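Text of query.txt (compact mmCIF, C-alpha atoms) as supplied:
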```txt
# COMPACT_ATOMS: atom_id res chain seq x y z
CA MET A 1 107.45 84.38 -8.67
CA HIS A 2 106.15 84.40 -12.21
CA ILE A 3 103.26 81.95 -12.63
CA LEU A 4 101.91 80.98 -16.04
CA GLN A 5 98.27 79.98 -15.61
CA LEU A 6 96.79 78.04 -18.55
CA CYS A 7 92.98 78.23 -18.60
CA PRO A 8 90.40 76.54 -20.87
CA ARG A 9 88.45 79.82 -20.97
CA VAL A 10 88.80 83.41 -19.86
CA PRO A 11 87.78 83.37 -16.19
CA PHE A 12 85.71 86.50 -16.45
CA PRO A 13 83.18 87.52 -15.39
CA PRO A 14 83.46 85.41 -12.21
CA HIS A 15 79.88 84.19 -12.28
CA ASP A 16 80.13 80.38 -12.27
CA GLY A 17 82.19 78.07 -10.08
CA GLY A 18 84.95 77.35 -12.60
CA ALA A 19 85.47 81.00 -13.50
CA ILE A 20 85.44 82.03 -9.83
CA ALA A 21 88.03 79.40 -8.91
CA MET A 22 90.44 80.47 -11.68
CA TYR A 23 89.87 84.22 -11.32
CA ASP A 24 90.28 84.28 -7.54
CA VAL A 25 93.57 82.36 -7.63
CA ALA A 26 94.99 84.74 -10.25
CA ALA A 27 93.74 87.78 -8.34
CA GLY A 28 95.06 86.40 -5.05
CA LEU A 29 98.52 85.70 -6.47
CA VAL A 30 98.72 89.24 -7.81
CA ARG A 31 97.64 90.67 -4.45
CA ALA A 32 100.35 88.58 -2.79
CA GLY A 33 102.97 90.32 -4.94
CA HIS A 34 103.50 87.71 -7.66
CA ARG A 35 103.33 88.08 -11.43
CA VAL A 36 100.76 86.09 -13.41
CA THR A 37 100.60 85.46 -17.13
CA LEU A 38 97.16 84.04 -17.77
CA LEU A 39 97.12 82.20 -21.11
CA ALA A 40 93.47 81.54 -21.93
CA ILE A 41 91.62 79.80 -24.72
CA ASN A 42 89.18 82.45 -25.92
CA THR A 43 86.11 80.38 -26.72
CA PRO A 44 83.03 81.54 -28.64
CA LYS A 45 80.87 80.77 -25.60
CA HIS A 46 82.95 82.85 -23.15
CA ARG A 47 84.65 85.30 -25.52
CA GLN A 48 86.28 88.28 -23.83
CA PRO A 49 88.34 91.29 -24.97
CA ALA A 50 92.08 91.56 -24.37
CA ASP A 51 91.56 93.95 -21.44
CA ALA A 52 89.03 91.74 -19.61
CA LEU A 53 91.29 91.36 -16.56
CA ALA A 54 92.82 94.84 -16.60
CA ARG A 55 91.21 95.56 -13.22
CA LEU A 56 93.71 93.18 -11.61
CA GLY A 57 96.58 95.55 -12.37
CA PRO A 58 99.87 95.45 -14.27
CA ASN A 59 101.13 92.24 -12.64
CA LEU A 60 98.42 90.28 -14.45
CA ARG A 61 98.89 89.83 -18.20
CA LEU A 62 96.10 88.20 -20.19
CA VAL A 63 97.18 86.34 -23.34
CA LEU A 64 94.30 85.16 -25.55
CA VAL A 65 94.22 82.51 -28.26
CA ASP A 66 90.98 82.17 -30.22
CA VAL A 67 89.81 78.57 -30.53
CA ASP A 68 86.48 77.37 -31.88
CA THR A 69 85.32 75.03 -29.11
CA ASN A 70 81.69 75.00 -30.20
CA ILE A 71 80.06 71.58 -30.11
CA SER A 72 79.45 70.26 -33.61
CA ALA A 73 77.28 67.22 -34.28
CA SER A 74 79.39 66.20 -37.28
CA LYS A 75 82.67 66.62 -35.37
CA ALA A 76 81.24 64.73 -32.40
CA LEU A 77 80.19 61.85 -34.66
CA LYS A 78 83.59 61.81 -36.39
CA ASN A 79 85.28 61.78 -32.99
CA PHE A 80 83.02 58.99 -31.72
CA LEU A 81 83.76 56.80 -34.74
CA PHE A 82 87.42 57.53 -35.50
CA SER A 83 89.15 59.03 -32.45
CA ARG A 84 90.30 57.75 -29.09
CA GLN A 85 90.32 61.20 -27.52
CA PRO A 86 87.26 62.25 -25.51
CA TYR A 87 85.40 64.82 -27.60
CA ASN A 88 84.98 67.25 -24.72
CA VAL A 89 88.81 67.36 -24.39
CA GLU A 90 89.59 67.30 -28.12
CA ARG A 91 87.76 70.61 -28.57
CA PHE A 92 90.41 72.33 -26.42
CA ILE A 93 93.48 70.88 -28.16
CA SER A 94 94.91 73.60 -30.40
CA PRO A 95 98.31 73.90 -32.13
CA ALA A 96 98.01 77.68 -31.80
CA VAL A 97 97.68 77.44 -28.02
CA GLY A 98 100.65 75.06 -27.89
CA GLU A 99 102.79 77.42 -29.95
CA ARG A 100 101.91 80.40 -27.76
CA LEU A 101 102.68 78.40 -24.63
CA LEU A 102 106.09 77.37 -25.98
CA GLU A 103 106.84 80.92 -27.11
CA ILE A 104 106.23 82.32 -23.62
CA LEU A 105 108.42 79.67 -22.00
CA ARG A 106 111.23 80.20 -24.53
CA THR A 107 111.32 83.97 -24.20
CA GLU A 108 110.48 84.59 -20.53
CA LYS A 109 111.52 83.29 -17.13
CA VAL A 110 108.52 81.39 -15.76
CA ASP A 111 108.76 79.73 -12.35
CA ILE A 112 105.58 77.61 -12.35
CA VAL A 113 103.07 76.52 -14.99
CA GLN A 114 99.63 75.85 -13.53
CA MET A 115 97.07 74.17 -15.80
CA GLU A 116 93.44 74.56 -14.84
CA GLY A 117 91.66 71.25 -15.20
CA THR A 118 91.57 68.14 -17.37
CA PHE A 119 90.60 70.00 -20.53
CA VAL A 120 94.06 71.61 -20.81
CA ALA A 121 96.05 68.67 -19.38
CA TRP A 122 97.06 67.59 -22.91
CA TYR A 123 99.54 70.49 -23.00
CA ALA A 124 101.60 68.82 -20.24
CA GLU A 125 102.62 66.14 -22.72
CA LEU A 126 103.52 68.82 -25.25
CA LEU A 127 105.88 70.32 -22.65
CA GLY A 128 107.16 66.89 -21.68
CA ARG A 129 108.40 66.46 -25.24
CA GLN A 130 110.47 69.65 -24.87
CA HIS A 131 112.71 68.37 -22.09
CA ARG A 132 115.76 68.41 -24.40
CA ALA A 133 114.81 71.67 -26.10
CA ASP A 134 116.46 75.07 -25.80
CA PHE A 135 114.64 76.11 -22.64
CA ARG A 136 113.88 74.78 -19.21
CA VAL A 137 110.35 73.49 -18.58
CA PRO A 138 109.27 74.79 -15.16
CA PRO A 139 107.45 72.58 -12.64
CA LEU A 140 103.96 71.74 -13.90
CA VAL A 141 100.97 71.88 -11.53
CA LEU A 142 97.55 70.55 -12.43
CA ARG A 143 94.66 72.11 -10.59
CA ALA A 144 92.07 69.34 -10.81
CA HIS A 145 88.68 71.07 -10.75
CA ASN A 146 87.07 67.63 -11.11
CA VAL A 147 88.03 64.05 -11.82
CA GLU A 148 86.12 64.30 -15.08
CA TYR A 149 85.60 60.64 -15.92
CA THR A 150 83.70 59.98 -12.68
CA ILE A 151 81.10 62.62 -13.60
CA TRP A 152 80.32 61.00 -16.94
CA GLN A 153 80.39 57.56 -15.34
CA MET A 154 77.64 58.65 -12.93
CA LEU A 155 75.61 60.26 -15.71
CA ALA A 156 75.85 57.11 -17.85
CA GLY A 157 74.87 54.87 -14.93
CA ARG A 158 71.57 56.71 -14.43
CA GLU A 159 70.71 57.25 -18.12
CA THR A 160 67.62 55.29 -19.24
CA ASN A 161 67.95 56.00 -22.98
CA PRO A 162 70.11 53.12 -24.35
CA LEU A 163 71.77 55.15 -27.11
CA LYS A 164 72.52 58.06 -24.82
CA ARG A 165 73.84 55.64 -22.19
CA VAL A 166 76.28 54.17 -24.74
CA PHE A 167 77.42 57.66 -25.75
CA LEU A 168 77.92 58.82 -22.14
CA GLY A 169 79.66 55.57 -21.24
CA THR A 170 82.06 55.95 -24.17
CA ILE A 171 82.96 59.47 -23.06
CA ALA A 172 83.51 58.21 -19.50
CA ARG A 173 85.85 55.40 -20.63
CA ARG A 174 87.85 57.72 -22.91
CA LEU A 175 88.12 60.32 -20.18
CA GLU A 176 89.41 57.73 -17.72
CA LYS A 177 92.12 56.63 -20.17
CA PHE A 178 92.97 60.26 -20.90
CA GLU A 179 93.23 61.20 -17.22
CA ARG A 180 95.28 58.09 -16.40
CA ARG A 181 97.79 59.05 -19.10
CA TYR A 182 98.00 62.82 -18.95
CA LEU A 183 97.54 63.54 -15.26
CA ARG A 184 100.65 61.47 -14.52
CA GLN A 185 102.78 64.02 -16.36
CA PHE A 186 102.57 66.76 -13.76
CA ASP A 187 105.01 67.53 -10.98
CA ALA A 188 102.13 68.12 -8.56
CA VAL A 189 98.35 67.91 -8.56
CA ALA A 190 96.10 70.17 -6.49
CA ALA A 191 92.71 68.58 -5.84
CA ILE A 192 89.78 70.78 -4.89
CA THR A 193 88.39 68.13 -2.48
CA GLU A 194 89.86 65.40 -0.30
CA ASP A 195 87.64 62.88 -2.12
CA ASP A 196 89.10 63.93 -5.47
CA ALA A 197 92.61 63.69 -4.02
CA GLN A 198 91.94 60.01 -3.27
CA ARG A 199 90.53 59.45 -6.78
CA LEU A 200 93.60 61.11 -8.30
CA ARG A 201 95.95 58.89 -6.30
CA ALA A 202 94.00 55.89 -7.63
CA LEU A 203 94.88 57.16 -11.12
CA HIS A 204 98.55 57.01 -10.06
CA CYS A 205 99.10 60.75 -10.26
CA PRO A 206 102.59 61.66 -9.02
CA GLU A 207 103.01 62.99 -5.52
CA PRO A 208 102.50 65.49 -4.20
CA VAL A 209 98.74 65.23 -4.63
CA VAL A 210 97.51 67.94 -2.28
CA PHE A 211 94.08 69.14 -1.21
CA ILE A 212 93.59 72.86 -1.83
CA PRO A 213 89.93 73.93 -1.76
CA ALA A 214 88.45 76.55 -4.02
CA GLY A 215 88.59 79.90 -2.30
CA VAL A 216 86.21 82.81 -2.57
CA ASP A 217 86.95 86.50 -2.34
CA LEU A 218 84.60 87.17 0.55
CA SER A 219 84.51 90.90 -0.20
CA ARG A 220 82.51 89.98 -3.29
CA VAL A 221 79.82 88.14 -1.31
CA ARG A 222 79.19 90.31 1.72
CA PRO A 223 75.58 90.09 2.92
CA ASP A 224 73.48 93.23 2.62
CA SER A 225 71.66 93.73 5.95
CA SER A 226 69.00 95.83 4.22
CA VAL A 227 67.85 92.83 2.13
CA GLN A 228 65.48 90.41 3.83
CA PRO A 229 64.60 87.15 2.07
CA LYS A 230 61.04 86.67 0.90
CA PRO A 231 59.30 84.19 3.23
CA ARG A 232 58.32 80.73 2.00
CA THR A 233 60.86 80.69 -0.83
CA LEU A 234 63.39 78.13 -2.05
CA PHE A 235 66.09 78.69 -4.64
CA MET A 236 68.80 77.01 -6.68
CA ILE A 237 71.50 78.67 -8.77
CA GLY A 238 74.07 77.05 -11.05
CA SER A 239 75.17 76.81 -14.67
CA LEU A 240 72.33 74.99 -16.41
CA ASP A 241 74.43 74.00 -19.42
CA TRP A 242 76.37 71.64 -17.12
CA LEU A 243 74.76 68.20 -17.35
CA PRO A 244 74.95 67.36 -13.61
CA ASN A 245 73.09 70.59 -12.78
CA GLN A 246 70.44 69.80 -15.41
CA GLU A 247 70.07 66.30 -14.01
CA GLY A 248 69.69 67.65 -10.47
CA VAL A 249 67.05 70.22 -11.41
CA GLU A 250 65.08 67.64 -13.38
CA TRP A 251 65.20 65.23 -10.42
CA LEU A 252 64.00 67.96 -8.07
CA LEU A 253 61.13 68.93 -10.37
CA ARG A 254 60.15 65.30 -11.03
CA GLU A 255 60.67 63.52 -7.70
CA VAL A 256 60.33 66.19 -5.00
CA TRP A 257 58.52 69.30 -6.12
CA PRO A 258 55.12 67.88 -7.22
CA THR A 259 54.48 66.30 -3.80
CA PHE A 260 55.80 69.27 -1.84
CA HIS A 261 53.91 71.80 -3.96
CA ALA A 262 50.66 69.83 -3.48
CA GLU A 263 51.11 70.02 0.30
CA PHE A 264 52.38 73.61 0.47
CA PRO A 265 51.14 75.48 -2.62
CA ASP A 266 52.22 78.89 -1.27
CA VAL A 267 55.95 78.08 -1.47
CA GLU A 268 57.86 79.47 -4.45
CA LEU A 269 60.82 77.71 -6.10
CA HIS A 270 63.25 80.08 -7.87
CA LEU A 271 65.76 78.63 -10.36
CA ALA A 272 68.61 80.62 -11.91
CA GLY A 273 71.51 79.77 -14.18
CA ARG A 274 72.94 80.56 -17.58
CA ASN A 275 72.12 78.65 -20.76
CA ALA A 276 69.15 76.74 -19.38
CA PRO A 277 67.72 74.28 -21.94
CA ALA A 278 64.41 75.29 -23.46
CA HIS A 279 62.34 72.69 -21.58
CA LEU A 280 63.48 74.23 -18.29
CA LEU A 281 63.47 77.86 -19.34
CA ASN A 282 59.91 77.61 -20.69
CA ARG A 283 58.52 75.79 -17.67
CA LYS A 284 55.48 77.50 -16.16
CA GLY A 285 53.15 76.88 -13.23
CA GLU A 286 53.43 75.08 -9.90
CA ASN A 287 55.07 78.20 -8.41
CA VAL A 288 58.34 77.43 -10.22
CA ILE A 289 59.96 80.67 -11.38
CA MET A 290 62.77 80.40 -13.95
CA HIS A 291 65.12 83.39 -13.91
CA GLY A 292 67.72 82.24 -16.44
CA PHE A 293 71.03 84.07 -16.13
CA VAL A 294 71.30 86.56 -13.27
CA GLU A 295 73.96 89.27 -13.25
CA SER A 296 74.68 89.03 -9.52
CA ALA A 297 74.51 85.65 -7.80
CA PRO A 298 74.86 87.17 -4.28
CA ALA A 299 72.01 89.60 -4.94
CA PHE A 300 69.83 86.74 -6.21
CA MET A 301 70.67 84.47 -3.25
CA GLN A 302 69.78 87.09 -0.67
CA GLN A 303 66.25 87.47 -1.99
CA TYR A 304 65.13 83.97 -0.99
CA GLU A 305 65.20 81.75 2.09
CA LEU A 306 66.53 78.20 1.68
CA MET A 307 69.18 77.26 -0.88
CA LEU A 308 68.93 73.88 -2.65
CA VAL A 309 71.75 71.81 -4.17
CA PRO A 310 70.10 68.67 -5.65
CA LEU A 311 73.26 67.25 -7.23
CA LEU A 312 73.32 63.55 -8.13
CA SER A 313 76.46 63.41 -10.33
CA GLY A 314 79.68 65.35 -10.29
CA GLY A 315 83.00 65.88 -8.64
CA GLY A 316 85.07 68.75 -7.36
CA MET A 317 83.48 71.35 -5.14
CA ARG A 318 80.46 73.61 -5.47
CA VAL A 319 81.77 77.16 -5.18
CA LYS A 320 78.17 78.39 -5.13
CA ILE A 321 77.72 76.56 -1.80
CA VAL A 322 80.66 78.50 -0.37
CA GLU A 323 79.14 81.76 -1.66
CA GLY A 324 75.81 80.82 -0.08
CA MET A 325 77.55 79.99 3.21
CA ALA A 326 79.40 83.33 3.14
CA LEU A 327 76.03 85.06 2.76
CA GLY A 328 74.71 83.21 5.81
CA LYS A 329 72.26 81.03 3.88
CA ALA A 330 70.93 77.75 5.19
CA ILE A 331 71.52 75.16 2.46
CA LEU A 332 69.89 71.78 1.77
CA SER A 333 72.21 69.57 -0.30
CA THR A 334 72.73 65.98 -1.32
CA THR A 335 75.83 64.26 0.05
CA LEU A 336 77.46 64.51 -3.37
CA GLY A 337 76.60 68.20 -3.65
CA ALA A 338 78.26 68.86 -0.30
CA GLU A 339 81.37 66.87 -1.21
CA GLY A 340 84.52 68.80 -0.43
CA ILE A 341 82.73 71.26 1.86
CA VAL A 342 83.60 71.33 5.55
CA ALA A 343 80.03 70.44 6.44
CA HIS A 344 78.55 69.29 9.71
CA ASN A 345 75.04 68.04 9.07
CA ASP A 346 72.32 70.08 10.79
CA GLU A 347 74.95 72.49 12.12
CA ASN A 348 76.22 74.51 9.14
CA LEU A 349 74.53 72.58 6.31
CA LEU A 350 71.55 70.26 5.82
CA VAL A 351 72.61 67.06 4.03
CA ARG A 352 69.92 64.65 2.82
CA ASP A 353 69.75 61.99 0.10
CA GLY A 354 66.70 60.68 -1.74
CA ALA A 355 63.33 62.25 -2.44
CA ALA A 356 61.74 61.07 0.83
CA ALA A 357 64.49 62.62 2.96
CA TRP A 358 64.35 65.85 0.99
CA LEU A 359 60.58 66.04 1.44
CA ASP A 360 60.92 65.50 5.19
CA ALA A 361 63.53 68.26 5.41
CA LEU A 362 61.41 70.68 3.38
CA ARG A 363 58.34 69.94 5.50
CA ALA A 364 60.36 70.60 8.65
CA TRP A 365 61.65 73.86 7.14
CA TYR A 366 58.12 74.98 6.27
CA ARG A 367 56.89 74.26 9.80
CA GLY A 368 59.77 76.27 11.31
CA GLU A 369 61.40 73.22 12.87
CA ILE A 370 64.80 73.98 11.31
CA ASP A 371 66.97 76.73 12.78
CA VAL A 372 67.59 78.49 9.47
CA ARG A 373 69.18 81.53 11.11
CA GLY A 374 71.53 79.48 13.31
CA ILE A 375 72.62 77.18 10.47
CA GLY A 376 73.25 80.20 8.25
CA ALA A 377 75.36 81.90 10.92
CA ALA A 378 77.46 78.73 11.39
CA ALA A 379 77.86 78.47 7.61
CA ALA A 380 79.14 82.05 7.43
CA ARG A 381 81.76 81.32 10.10
CA THR A 382 82.92 78.24 8.16
CA ALA A 383 83.24 80.27 4.94
CA THR A 384 85.39 82.87 6.71
CA ASN A 385 87.60 80.38 8.56
CA VAL A 386 88.16 77.87 5.72
CA TYR A 387 87.43 79.34 2.31
CA ASP A 388 88.75 82.89 2.45
CA ASN A 389 90.69 83.32 -0.79
CA GLY A 390 93.81 84.68 0.89
CA ARG A 391 94.23 81.46 2.89
CA VAL A 392 93.72 79.32 -0.19
CA VAL A 393 96.20 81.27 -2.32
CA GLN A 394 98.84 80.92 0.40
CA ARG A 395 98.49 77.13 0.11
CA PHE A 396 99.27 77.40 -3.61
CA ILE A 397 102.30 79.58 -2.87
CA ASP A 398 103.51 77.00 -0.33
CA LEU A 399 103.16 74.27 -2.98
CA TYR A 400 105.07 76.33 -5.57
CA GLU A 401 107.90 77.03 -3.13
CA ARG A 402 108.11 73.32 -2.32
CA LEU A 403 108.42 72.48 -6.03
CA LEU A 404 111.09 75.12 -6.56
CA LEU A 405 113.42 73.72 -3.93
CA PRO A 406 116.68 72.51 -5.51
CA ALA A 407 116.29 69.00 -6.93
CA PRO A 408 118.75 66.24 -6.06
CA ALA A 409 121.77 66.12 -8.34
CA GLY A 410 121.10 64.40 -11.64
CA THR A 411 117.30 64.93 -11.56
CA PRO A 412 115.90 66.63 -14.71
CA ALA A 413 113.80 69.74 -14.22
CA HIS A 414 110.83 67.99 -15.79
CA SER A 415 110.77 64.33 -16.63
CA PRO A 416 109.50 63.19 -20.01
CA PRO A 417 106.17 61.33 -20.13
CA ALA A 418 106.14 57.66 -19.26
```

Here is a file; write its structure as structure tokens.
Amino acid sequence: MHILQLCPRVPFPPHDGGAIAMYDVAAGLVRAGHRVTLLAINTPKHRQPADALARLGPNLRLVLVDVDTNISASKALKNFLFSRQPYNVERFISPAVGERLLEILRTEKVDIVQMEGTFVAWYAELLGRQHRADFRVPPLVLRAHNVEYTIWQMLAGRETNPLKRVFLGTIARRLEKFERRYLRQFDAVAAITEDDAQRLRALHCPEPVVFIPAGVDLSRVRPDSSVQPKPRTLFMIGSLDWLPNQEGVEWLLREVWPTFHAEFPDVELHLAGRNAPAHLLNRKGENVIMHGFVESAPAFMQQYELMLVPLLSGGGMRVKIVEGMALGKAILSTTLGAEGIVAHNDENLLVRDGAAAWLDALRAWYRGEIDVRGIGAAAARTATNVYDNGRVVQRFIDLYERLLLPAPAGTPAHSPPA
């Protein structure tokens, strides 16, 4: 098969969850003998050269279109006052990307178009308008990394600043309208979690809506037996320019850490992630060590004992949890943070909600009352049995083959938008 994968950024290097999810699917499809054209918006924030994915071999072709997706205060204000599109989607709508997409489909035989997330879902309507054009529109698959509007809804609900709450609420409402309209225009939707699959059905996405988790190339996250974690250490890693991660870190530092640090001042808390805001990056004292961006997440994770995922808002699935599980780490997460993970509380993951419950779990960890080694070993088995990238990619191939079965007589290859 020839799969055209449309991405809102170049998924390289595979450091954060979104990049890992997109990169590993492309790499897995190529390993399975398929051909992938990866059409990517080359953003200023994640700019990459044309040969960024050359390591994946000749069956992967990277096509780049430069788009200025930088956040602009003036453009955001103009959007807020005069547009109905959510600003965080509008930044990824580009005539140049649309033209390149149409050019590939007109000149090449493409079997499946897979769009990676809400931010590129607008292009499904562009293709829907081509149903009478001079080429056949292949089946369109949306890979829903998140149900975006629910994230902003949660953020708005907890925001105490009235102006910021109005702004976040407006984004949430626009995103919901956008997702209700555009996500209906796909031939299939692949949700990263079962919970998101239910949310997508509530948006009246067309069937099939299938659950396909994010996979991880386990060869990239093999534990190094020569590395022993430093005792009495906690850590968190995640992109700190993502608002839910910022919110979670701030909650941890405000509601949990002061009490725990007062009781156990010898414990260190290590925080890592790219693009941390200045108030986090410049934080000092209380045994909180800010690392900023780290080149190797697995190397960072193996240096410390207990992994923390203090997520209060969000959707989709935390790929970093899967990486931590593959490395045999014991992980303390909120229920929301563990969403989409095959987790059995106190067996392969520790799931707690609220500051009091987190403090109790951390006290028990400090006193050695939690079987960190046993939980980590169970987590590693789960990662191997459920999240190995080869298994996940095969589920995509099964979905593609299902969509490519001959349609009943009289059914158009791709229906126009409702």

Return as JSON lines the residues of stretch 110-176 of chain A lying at most 8 Å from stretch 309-321 of chain A, together with the closest atom-to-atom pair for each and the distance in Å to one decimal, counting all atoms listed in the file, with rows in chain order and ascending residue number.
```
{"residue": "A:Ala144", "atom": "CA", "partner": "A:Gly316", "partner_atom": "CA", "distance": 7.8}
{"residue": "A:His145", "atom": "CA", "partner": "A:Gly316", "partner_atom": "CA", "distance": 5.5}
{"residue": "A:Asn146", "atom": "CA", "partner": "A:Gly316", "partner_atom": "CA", "distance": 4.4}
{"residue": "A:Val147", "atom": "CA", "partner": "A:Gly315", "partner_atom": "CA", "distance": 6.2}
{"residue": "A:Glu148", "atom": "CA", "partner": "A:Gly315", "partner_atom": "CA", "distance": 7.3}
{"residue": "A:Thr150", "atom": "CA", "partner": "A:Gly314", "partner_atom": "CA", "distance": 7.1}
{"residue": "A:Ile151", "atom": "CA", "partner": "A:Gly314", "partner_atom": "CA", "distance": 4.5}
{"residue": "A:Trp152", "atom": "CA", "partner": "A:Gly314", "partner_atom": "CA", "distance": 8.0}
{"residue": "A:Met154", "atom": "CA", "partner": "A:Ser313", "partner_atom": "CA", "distance": 5.6}
{"residue": "A:Leu155", "atom": "CA", "partner": "A:Ser313", "partner_atom": "CA", "distance": 6.3}
```

Worksheet item: Suppose you want the space between atom CA of A:Ile20 and atom CA of A:Tyr87; what is it in Å?
Response: 24.7 Å

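Rounded to one decimal, atom CA of A:Ile104 and atom CA of A:Arg402 lie 23.2 Å from each other.
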
Worksheet item: What would the list of residues within 10 Å of (93.8, 88.4, -6.7) (file frame) look like as a list in words, if only C-alpha atoms are what count?
Response: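 With a cut-off of 10 Å, the residues come to Met22, Tyr23, Asp24, Val25, Ala26, Ala27, Gly28, Leu29, Val30, Arg31, Ala32, Gly33, His34, Val36, Leu56, Gly57, Leu60, Asp217, Asn389, Gly390 and Val393 of chain A.
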
Worksheet item: Could you pull the residues within 8 Å of A:Arg174, counting only C-alpha atoms, minus those fewer than 4 positions along the same chain, as a ChimeraX atom specification?
Response: /A:84-86,149,170,178

Worksheet item: Any idea what's packed within 9 Å of A:Pro8, counting all atoms listed in the file, ignoring anything in its chain fewer than 3 positions away? Could you give it as an MDAnalysis selection string?
Response: chainID A and resid 11 39:43 92 115:117 119:120

Practice prompt. Find the residue from A:Gly248, A:Ser83, A:Leu243, A:Ile370 that sits nearest to A:Leu336; use only C-alpha atoms when measuring.
Written response: A:Gly248

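Ranking A:Thr334, A:Gln302, A:Asn385, A:Asn282 by their shortest atom-to-atom distance to A:Val221, with all atoms listed in the file included, puts A:Gln302 first.
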